[in-house]
Amino acid sequence: MIQLIVFLPLLAAIIAGLGNRMIGNFAAKILTTGALFVACALSWPIFLDFLVGGQTAYVAPIFDWIRSGDLDVAWSLRVDTLTAVMLVVVTSVSSLVHLYSWGYMDEDPDQPRFFAYLSLFTFAMLMLVTSNNLVQMFFGWEGVGLASYLLIGFWYHKPSANAAAIKAFVVNRVGDFGFSLGIFGTFMVFGTVSIPEILEAAPAMAGSTIGFLGYRLDTMTLLCLLLFVGAMGKSAQFGLHTWLPDAMEGPTPVSALIHAATMVTAGVFMVCRLSPMFETSETALLVVTFFGLLTAFFAATVGTTQTDIKRVIAYSTCSQLGYMFVAVGVGAYGIAMFHLFTHAFFKALLFLGAGSVIHSMHHEQDMRHYGALRKEIPITFWTMMIGTLAITGVGVVWLHAGFAGFHSKDAIIEAAFASESSLGGIAFFTLVFAALLTSFYSWRLIFMTFFGKARWGTSEHVQHAVHDHGGKDTGDGTGGYHPHESGWAMLVPLLSLSVGAVFAGYVFTHEFVDSEAFWAGSVAFNEHLIHELHGVPMWVKLASTVAMLIGLVIAWLAYIRYTDWPARFVAQFRVLHAFLLNKWYIDELYNVLFVKPAFAIGRFFWKRGDKGFIDRFGPDGVSALVASGSTVTRRFQSGYLYTYALVMLIGLAAGATWAITR
Amino acid sequence: MTMLESLLVVLPELILTLGATDLLLVAAFSNKPDLGRRVSIYAVLMLIACGLALLGPAGNGGAVFGGLYYADAFSTFSKVLIYASAAIAILMAPRFFDRRGEMRPEYPILILLSALGMGFMVSSGDLMMLYIGLEMQSLAAYVLASFMRQDTRSAEAGLKYFVLGALASGILLYGVSLIYGFTGTTSYQGIGAAMASGLSMGELFGLVFVLAGLAFKISAVPFHMWTPDVYEGAPTPVTAFFATAPKIAAVALAIRVMFDALAPATDAWQQIVIFVALASIALGAVAAIGQSNVKRLLAYSSINNIGFALIGIAAGTQAGVAATLSYMAIYVVMTLGSFLCVLQMRDAQGRPVEDIASLAGLSKSQPALAAAFAIFMFSLAGIPPLLGFWGKFLVFDAAVAAGLFPLAVIGIALSVIGAYYYLRIIKTIYFDDAAAPYAPANSVVENGLIAVTAATVSPLGYLLVPFLALTAGNAAQALF
């Protein structure tokens, strides 16, 4: 069964990808989407079995891959609680995104290619989450990276999309370099790449040291940090996050699937999978916590100033990934996975909702050209409202009931407070503040998009559409254009994900947060921390709700009540605003630090090294020599017999001379 | 051994002698129409009969006529290739000559006589036998080169070939007389025995002269000068014949002389062969670049290929000889295929075209022919997975196994230059703006032969590699 789940998407991808135009749009769509829905239908029973405790972990071997000396790598599919959670997340979101793309990509000329990429991605992601050894995980890891690259650059005729695709690939290379060093190091230390064997042997290695770059370092700390570098790249943590906002150049369903729900959470998954290893190094966990809270805070601040609807959600994703890493860092792996689980639903929902808005606005993505869409596209509006209620964590503390984010995000904040980590206190306050910002930018998005006055008459995209369809300007800011609600193919996924966004938290909170039996050893479980978590003071539990309310009120005041506030704020705090709007100038910094020197070095080697030296004395020089040699031999080939006879006799004489002098 | 047994061993030569004479009489006295084609068919049947005869004592009868003649696995391997090449050279001719009404019955008869001479060459066990075979082969070849006697280029080619061939024969004969004078015998075994006690200056000179004469026949540098002119001037089927059968015969003869008669002098000839091999590869590659005539280009290609084949000989080992034989077998298939493609180059009026530029756009007008052309060129360039790569691999492998690393390294580097002009033809066919289209290729025989040769050099040909390795290995073993 697990084999079917993993390989059906691959099969569909191969057929749709190679068949392409031969099999046509419809066949490619029905095949890939059908395969995904089957995989999804097979995944849920596995998950529910683990939920009721009727299933134990097992490994389904496929075949040997590499056997060389100590290195023994097999293709195999590991199924345990952690995998089951990921299976459900990946197949559910992927199948809904496939369906959604029927509507969203309807007018695209390259649909089979798109659907083949989507299915290929799903396959790679499933390989990643079912891997039982680090090498197969790396295969899946690179596979999703490849699919991500292909999909970000799907509209390859757009230079910006190509640039974004390359950027995503290159930045991820940095992370992958760390990850591969981590794998090499792990193999060197443990002599195996099998995950269960590594995790078993890890505690014994705690405290040992290893030489690295001329220093003696704590073995486990070094390995964990190297692996974490990989996680940082894939999960867009601060420092290696720059590719994620740019990745929004890809089609919106891609953003929902890859850059919100699944691939970017691979880093969190990987650290959870290796959690017993990370437990052996306090330093590594502190680093993870630090980067998590820094990312949560950084991305939230940037999100408040962005005007592109997808970029706001992208920074929101980045920020939420930070939350997850804080949970990992303080040892609450189950809670991290819980947030990953709920986040997949509501973030995919938000992205797909944003896609629906973009679709109805003729690919206008600037929220300044939205407004008052509430009545035009009501179903999209309500589903996005649910998504926003979920991400901001709306719920009633005393009832223990609320939207998905209420359960998972608040659990992280409480875990940070309850933990004994030396960064716990700072993490708590930072995350509460980030929750305020989250609430603010999420509501800002809703208010700017769906409330206020219609402003899309000024949008070039909309003007083009109006021009094409011959509408006329009525002077009410609509430019004579009235958006239409998206078709059912897009609305069904929105409604389905809404169900998840509402209930995923409430229904599963006990198992994910409290139940050691549910996790059954697939992640490290810190019982003490969970106990402490339930005993935190009431003000801690209320803190995030209060922060959420404050954020909501500020957003309401600024974007509904006093609409001149944002402009006045910008005028007042020009420097701060510019700092946030320009994403802390990280891209500019990297440009100066890495990109420009790299270009300079590249240009030097190209002009001086390659053209000036290697080419000049190598290929160019040799080819010139050959060409002149060709001319000389042609001159000898005069056509006259006596020349030919002379050459023969010279050859003979040379041979005879050689014989004499020998 | 009785006379009858000896005659059975030389059965292929008997068939050819009697058959060719018989056909000559038929050609002289018959006045049936279309005589050329009829005689061709009989000639091909005779070559097939010779091939079948090799299954009997003619294939493994050993030494007969007092060691003048050898019938062993080595001669059998070479003869199969020779007869096959000769048969194909006959089959590809009629349509070419027909256009000018020159499909005379002498063409197949001359080919048969030439093949007869080659049979003696590869079976020779004595310097006299060597010379008779060589001359017999050459005299028929001179006439073939000038077969289109109305055509000045053909006549010029025949004359040049004859004059330079005579010079080479003279050099060879002088070498033979020196060796005879210093060793007192003309039999290979006797020479080998005489030289085993050390090489005198006279013997060394004789060796150099004999090798020079043989180098002329295989058109190795610096005795290659006749090749481009003769290949260009001779009628295309004749060129195809020149590039294949005599090459095999001469290479086989050279191997026999060097490993049978001159085996004690290996040190002496090995360095000459290394020099000649590298010079041939280099000159064949460099000079071909400047050519615009496809037959001239293939002439340099054959010089280049002979260089590679000599690398196997230079190794001086049994594996090297086997590699050279394999290389020649593969080379023959590729070359025949290439010339069959060249035969299809005819303009709208059916006139043969030899300009490389006229190939432009062939991929559009005749995609199948273009693909076949590309396969042969890629294979000649030695690009895997085509069969041409395997031959190159074998000779380099033998050279490395014999410790001749510099030879292998330089040879491989030079083969890159060679790849350039082959690829240029492919570029012309596939990427240049279309030139005037050729007349459609509608000869069933020629198209069939192209398909078979193309399939053989394609990756499918690797199915034949075990068989080739076995037979070439056996052939080489017969000499050691």
# chains A, B, ... in the order shown; residues from 1 in each chain; ligands from 1
$ interface_residues --of "chain B" --to "chain A" --cutoff "6 Å" --atoms "only C-alpha atoms" --output "ChimeraX atom specification"
/B:222-223,225,286-287,290
$ write_last_selection --atoms "all heavy atoms" --output "PDB file, in the first residue's frame"
ATOM      1  N   PRO B 222      55.230   8.184 -44.755  1.00  0.00           N
ATOM      2  CA  PRO B 222      55.212   9.177 -45.838  1.00  0.00           C
ATOM      3  C   PRO B 222      55.048   8.566 -47.238  1.00  0.00           C
ATOM      4  O   PRO B 222      55.515   9.167 -48.191  1.00  0.00           O
ATOM      5  CB  PRO B 222      56.592   9.812 -45.688  1.00  0.00           C
ATOM      6  CG  PRO B 222      57.456   8.698 -45.215  1.00  0.00           C
ATOM      7  CD  PRO B 222      56.587   7.770 -44.421  1.00  0.00           C
ATOM      8  N   PHE B 223      54.445   7.395 -47.326  1.00  0.00           N
ATOM      9  CA  PHE B 223      54.266   6.778 -48.643  1.00  0.00           C
ATOM     10  C   PHE B 223      52.800   6.839 -49.073  1.00  0.00           C
ATOM     11  O   PHE B 223      52.302   5.972 -49.760  1.00  0.00           O
ATOM     12  CB  PHE B 223      54.763   5.331 -48.596  1.00  0.00           C
ATOM     13  CG  PHE B 223      56.176   5.222 -48.116  1.00  0.00           C
ATOM     14  CD1 PHE B 223      56.484   4.963 -46.786  1.00  0.00           C
ATOM     15  CD2 PHE B 223      57.222   5.430 -49.003  1.00  0.00           C
ATOM     16  CE1 PHE B 223      57.775   4.909 -46.341  1.00  0.00           C
ATOM     17  CE2 PHE B 223      58.537   5.361 -48.566  1.00  0.00           C
ATOM     18  CZ  PHE B 223      58.820   5.106 -47.235  1.00  0.00           C
ATOM     19  N   MET B 225      51.311   9.638 -50.536  1.00  0.00           N
ATOM     20  CA  MET B 225      50.990  10.800 -51.378  1.00  0.00           C
ATOM     21  C   MET B 225      50.043  10.466 -52.531  1.00  0.00           C
ATOM     22  O   MET B 225      49.271  11.300 -52.975  1.00  0.00           O
ATOM     23  CB  MET B 225      52.281  11.411 -51.952  1.00  0.00           C
ATOM     24  CG  MET B 225      53.274  11.846 -50.916  1.00  0.00           C
ATOM     25  SD  MET B 225      52.724  13.245 -49.940  1.00  0.00           S
ATOM     26  CE  MET B 225      53.087  14.573 -51.067  1.00  0.00           C
ATOM     27  N   VAL B 286      44.973  16.049 -39.946  1.00  0.00           N
ATOM     28  CA  VAL B 286      45.210  17.470 -40.232  1.00  0.00           C
ATOM     29  C   VAL B 286      44.878  17.800 -41.690  1.00  0.00           C
ATOM     30  O   VAL B 286      44.206  18.784 -41.984  1.00  0.00           O
ATOM     31  CB  VAL B 286      46.663  17.821 -39.893  1.00  0.00           C
ATOM     32  CG1 VAL B 286      47.002  19.210 -40.414  1.00  0.00           C
ATOM     33  CG2 VAL B 286      46.892  17.758 -38.401  1.00  0.00           C
ATOM     34  N   ALA B 287      45.336  16.954 -42.602  1.00  0.00           N
ATOM     35  CA  ALA B 287      45.146  17.283 -44.012  1.00  0.00           C
ATOM     36  C   ALA B 287      43.684  17.173 -44.421  1.00  0.00           C
ATOM     37  O   ALA B 287      43.233  17.882 -45.323  1.00  0.00           O
ATOM     38  CB  ALA B 287      46.005  16.361 -44.878  1.00  0.00           C
ATOM     39  N   GLY B 290      41.257  20.420 -44.584  1.00  0.00           N
ATOM     40  CA  GLY B 290      41.177  21.380 -45.675  1.00  0.00           C
ATOM     41  C   GLY B 290      40.426  20.880 -46.908  1.00  0.00           C
ATOM     42  O   GLY B 290      40.337  21.599 -47.898  1.00  0.00           O
TER      43      GLY B 290
END
$ residues_around --residues "Asp476 in chain A" --least-positions-apart "6" --cutoff "10 Å" --atoms "only C-alpha atoms" --output "VMD selection string"
chain A and resid 453 to 457
$ select_by_dssp --residues "range 258-395 of chain A" --states "helix (DSSP H, G or I)" --output "PyMOL selection string"
chain A and resi 258-261+263-273+275-278+282-303+309-329+333-360+367-369+378-392
$ atom_distance --atom1 "CA of Phe604 in chain A" --atom2 "CA of Ser160 in chain A"
26.5 Å
$ residues_around --residues "Leu227 in chain A" --least-positions-apart "2" --cutoff "7 Å" --atoms "only C-alpha atoms" --output "PyMOL selection string"
chain A and resi 178-179+182+223-225+229-231
$ write_last_selection --atoms "C-alpha atoms" --output "mmCIF file, in the first residue's frame"
data_model
loop_
_atom_site.group_PDB
_atom_site.id
_atom_site.type_symbol
_atom_site.label_atom_id
_atom_site.label_comp_id
_atom_site.auth_asym_id
_atom_site.auth_seq_id
_atom_site.Cartn_x
_atom_site.Cartn_y
_atom_site.Cartn_z
ATOM 1 C CA GLY A 178 25.918 21.624 4.969
ATOM 2 C CA PHE A 179 23.463 18.756 4.838
ATOM 3 C CA GLY A 182 26.444 16.342 7.883
ATOM 4 C CA LEU A 223 26.951 16.930 13.132
ATOM 5 C CA CYS A 224 23.655 18.421 14.271
ATOM 6 C CA LEU A 225 24.666 21.902 13.216
ATOM 7 C CA VAL A 229 22.325 24.093 7.896
ATOM 8 C CA GLY A 230 20.557 21.867 5.410
ATOM 9 C CA ALA A 231 17.292 22.328 7.245
#
$ residues_around --residues "range 489-494 of chain A" --least-positions-apart "4" --cutoff "12 Å" --atoms "only C-alpha atoms" --output "PyMOL selection string"
chain A and resi 33+92-106+252-253+256+345-357+359-360+377-387+485+498-501
$ residues_around --residues "Tyr142 in chain B" --least-positions-apart "6" --cutoff "7 Å" --atoms "only C-alpha atoms" --output "list in words"
Gly158, Tyr161 and Phe162 of chain B
$ atom_distance --atom1 "CA of Leu110 in chain B" --atom2 "CA of Thr244 in chain B"
15.5 Å
$ residues_around --residues "range 337-339 of chain A" --least-positions-apart "6" --cutoff "7 Å" --atoms "only C-alpha atoms" --output "list in words"
Met324, Ser408, Lys409 and Phe512 of chain A
$ residues_around --residues "range 267-276 of chain A" --least-positions-apart "2" --cutoff "6 Å" --atoms "only C-alpha atoms" --output "list in words"
Leu199, Ala231, Lys234, Ser235, Thr265, Phe278, Glu279, Tyr333, Val523 and Ala524 of chain A
$ closest_residue --among "A:Arg173, A:Arg603, A:His259, A:Arg635" --to "Gly233 in chain A" --atoms "only C-alpha atoms"
A:Arg173
$ closest_residue --among "A:Gly371, A:Gly424, A:Gly402, A:Pro61" --to "Ile446 in chain A" --atoms "only C-alpha atoms"
A:Gly371
$ closest_residue --among "B:Leu81, B:Val457, B:Leu14, B:Ala478" --to "Ala63 in chain B" --atoms "only C-alpha atoms"
B:Ala478
$ atom_distance --atom1 "CA of Phe97 in chain B" --atom2 "CA of Leu159 in chain B"
20.3 Å
